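What follows is a set of notes on a single structure, which appears directly below.
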Amino acid sequence: MSRSSSTNILDRPLGRSGARPNSSSEGTVVSLSAFAYIYSELVQYHQGRAASISELERRLESAGYGVGLKVLEMTAYRAKETKRETRLMSILHFVSSSVWKSLFGKAADSLERSIDHTDEFMIIDYEPIASMFVSVPADLGQLSADAYVSGIIAGVLDGAGFSARVTAHSVKVEEGEYTKQGGNAMPGMPPRKDKAVFLVKFSPEVLSRDTALER
Amino acid sequence: MSTPVLFVIVGKNEPLFEAEIDTHSSIGAPGQNDLSTRQNYFVLHSALDLVEKSAFTTNSMYLRVVDKVNHQQVSTFLTAANVKFMLLHGGKGEEVVKNFFNEVYGYYVKLSMNPFYKYDTPITSKAFEARVRAAARAYLS
């Protein structure tokens, strides 16, 4: 007895991304708790198999990498513009706004360029959902649970042809740095003490190609 | 138009999908002899260099005609993840080719959403092949 789905995946419509209020189209929205449960299980799975902190971080990053590749294609297709990003700044803007919107429902809070190194950029998110319900024990040191999201970013950049090394860091929020517009983003939750900073370091050939295109 | 069109999807390292589509025969089987088929593949793959060269100079996905050999032209479409769709054809109109590419792009994105499909690996789905051939017949004949 064969059970094949009635419609092939190639025939199903892709739909619109995220949640649009007052929209009649079927936007798929997943509950945060569902994501938190699955993510917690993912982290535990990898922790059982990893021998060191950096290996755990690498495993989380490679778990996110595949997602990043798919998110890139999906977001570009849904935007319906037949344009790809070829410049460094435009791909970073694409990541911090379009990709963030389709994944988390809002654009990233800021995009900065590092002063010391010209090939480093930082994407800052004050409410990273991956590490929202995670507290990292002291013996895991500097590990950030957002390694999964940095894997996603690396997948998007790599797929578009800008190979980069992306790492996630938890930085303490300064007093008065973060002002929430319109009340708490998460009702009932205390404000976060750390923000997630995703450090993006591009490889040298990407930078040289970008400066060559500048001319 | 008696020459069949050759459609190839090329990833970063290797071709992911190849289809020789004869738009006038009812079955999708290759009707041409082996020699010209091999020549066609060669022409398409040699056009890859030209595609790479112009990949970062323009930010549109559709790259129009990148190479002309004899009376055949190679048109290319680049996805957001730099996967190249290439079509070897005997002078089809721009709009027609662009519509074909857009349709195949939709199928490709849906295929890549499959968690069992690893990016940059050969596409073995028969459903995908059937749809590409149907689209070719619809748009390119």
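Identifiers in the structure tokens: chain A, B, ... in order shown; residue index from 1 per chain; ligand index from 1 in order shown.
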Show me which bits of chain B are within 7 Å of chain A, counting only C-alpha atoms, as a list in words. Phe56, Asn59, Ser60, Met61, Ala80, Ala81, Asn82, Tyr107, Val109, Lys110, Leu111, Ser112 and Met113 of chain B
With N, CA, C and O atoms kept, could you save the residues just selected as an mmCIF file, in the first residue's frame?
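Wrote it out as selection.cif, contents follow:
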data_model
loop_
_atom_site.group_PDB
_atom_site.id
_atom_site.type_symbol
_atom_site.label_atom_id
_atom_site.label_comp_id
_atom_site.auth_asym_id
_atom_site.auth_seq_id
_atom_site.Cartn_x
_atom_site.Cartn_y
_atom_site.Cartn_z
ATOM 1 N N PHE B 56 29.837 38.898 -11.679
ATOM 2 C CA PHE B 56 29.825 39.948 -10.659
ATOM 3 C C PHE B 56 29.792 41.349 -11.237
ATOM 4 O O PHE B 56 29.890 42.325 -10.513
ATOM 5 N N ASN B 59 24.087 42.991 -11.515
ATOM 6 C CA ASN B 59 23.349 42.357 -10.429
ATOM 7 C C ASN B 59 21.965 41.893 -10.843
ATOM 8 O O ASN B 59 21.117 41.632 -10.018
ATOM 9 N N SER B 60 21.729 41.744 -12.144
ATOM 10 C CA SER B 60 20.460 41.110 -12.507
ATOM 11 C C SER B 60 20.690 39.604 -12.613
ATOM 12 O O SER B 60 21.801 39.137 -12.793
ATOM 13 N N MET B 61 19.600 38.842 -12.479
ATOM 14 C CA MET B 61 19.741 37.392 -12.502
ATOM 15 C C MET B 61 19.836 36.872 -13.932
ATOM 16 O O MET B 61 20.550 35.927 -14.200
ATOM 17 N N ALA B 80 20.181 33.430 -6.870
ATOM 18 C CA ALA B 80 20.777 34.201 -5.782
ATOM 19 C C ALA B 80 21.978 33.481 -5.187
ATOM 20 O O ALA B 80 22.893 34.097 -4.662
ATOM 21 N N ALA B 81 21.971 32.168 -5.255
ATOM 22 C CA ALA B 81 23.085 31.416 -4.689
ATOM 23 C C ALA B 81 24.099 31.051 -5.758
ATOM 24 O O ALA B 81 24.851 30.098 -5.604
ATOM 25 N N ASN B 82 24.113 31.794 -6.852
ATOM 26 C CA ASN B 82 25.078 31.586 -7.934
ATOM 27 C C ASN B 82 25.034 30.201 -8.546
ATOM 28 O O ASN B 82 26.062 29.633 -8.911
ATOM 29 N N TYR B 107 10.715 26.118 -9.744
ATOM 30 C CA TYR B 107 10.833 24.690 -9.403
ATOM 31 C C TYR B 107 12.104 24.426 -8.615
ATOM 32 O O TYR B 107 12.124 23.631 -7.669
ATOM 33 N N VAL B 109 13.753 26.476 -6.594
ATOM 34 C CA VAL B 109 13.640 26.950 -5.206
ATOM 35 C C VAL B 109 12.821 25.965 -4.386
ATOM 36 O O VAL B 109 13.171 25.618 -3.260
ATOM 37 N N LYS B 110 11.723 25.483 -4.973
ATOM 38 C CA LYS B 110 10.901 24.517 -4.225
ATOM 39 C C LYS B 110 11.676 23.235 -3.971
ATOM 40 O O LYS B 110 11.573 22.632 -2.908
ATOM 41 N N LEU B 111 12.462 22.812 -4.953
ATOM 42 C CA LEU B 111 13.268 21.609 -4.768
ATOM 43 C C LEU B 111 14.282 21.813 -3.662
ATOM 44 O O LEU B 111 14.533 20.926 -2.842
ATOM 45 N N SER B 112 14.888 23.009 -3.598
ATOM 46 C CA SER B 112 15.928 23.224 -2.598
ATOM 47 C C SER B 112 15.355 23.313 -1.192
ATOM 48 O O SER B 112 16.070 23.170 -0.216
ATOM 49 N N MET B 113 14.020 23.543 -1.078
ATOM 50 C CA MET B 113 13.411 23.550 0.252
ATOM 51 C C MET B 113 13.341 22.150 0.838
ATOM 52 O O MET B 113 13.147 21.984 2.037
#
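Omitting segment 117-132 of chain A and its sequence neighbours fewer than 2 positions away, and counting only C-alpha atoms, the residues within 7 Å are Ser96, Ala108, Asp109, Ser110, Leu111, Glu112, Arg113, Ser114, Ile115, Val134, Ala145, Asp146, Lys195, Ala196, Val197, Phe198, Leu199, Val200, Lys201 and Phe202 of chain A.
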What parts of segment 73-115 of chain B does DSSP call helix (DSSP H, G or I)? I'd like the answer as a list in words.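 DSSP on the backbone gives helix (DSSP H, G or I) at Glu94, Glu95, Val96, Val97, Lys98, Asn99, Phe100, Phe101, Asn102, Glu103, Val104, Tyr105, Gly106, Tyr107, Tyr108, Val109, Lys110, Leu111 and Ser112 of chain B.
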Show which residues sit within 9 Å of Arg131 of chain B, as an MDAnalysis selection string. Count only C-alpha atoms, and ignore same-chain residues fewer than 3 positions away. (chainID A and resid 10) or (chainID B and resid 104 107 126:128 134:136)
Skip Leu88 of chain A itself and residues of its chain fewer than 2 positions away, then list as a VMD selection string all residues within 9 Å of it, counting only C-alpha atoms. chain A and resid 85 to 86 90 to 93 162 206 to 207 210
May I have the selected residues written with C-alpha atoms, as a PDB file, in the first residue's frame?
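And here is the file that came out, part20.pdb:
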ATOM      1  CA  GLU A  85      23.596  41.047  -4.713  1.00  0.00           C
ATOM      2  CA  THR A  86      27.089  41.528  -6.038  1.00  0.00           C
ATOM      3  CA  SER A  90      24.335  45.310  -0.450  1.00  0.00           C
ATOM      4  CA  ILE A  91      24.635  41.686   0.626  1.00  0.00           C
ATOM      5  CA  LEU A  92      25.105  42.804   4.233  1.00  0.00           C
ATOM      6  CA  HIS A  93      22.006  44.975   3.994  1.00  0.00           C
ATOM      7  CA  PHE A 162      31.033  36.092  -0.278  1.00  0.00           C
ATOM      8  CA  VAL A 206      36.063  38.836  -1.389  1.00  0.00           C
ATOM      9  CA  LEU A 207      37.384  42.218  -0.316  1.00  0.00           C
ATOM     10  CA  ASP A 210      34.768  44.223  -4.051  1.00  0.00           C
TER      11      ASP A 210
END
Which polymer residues have any atom within 10 Å of an atom of Val132 of chain B, counting only C-alpha atoms, with same-chain residues fewer than 5 positions away left out, as a PyMOL selection string? chain B and resi 7+19+21+100-101+103-105+107-108+126-127+137-138
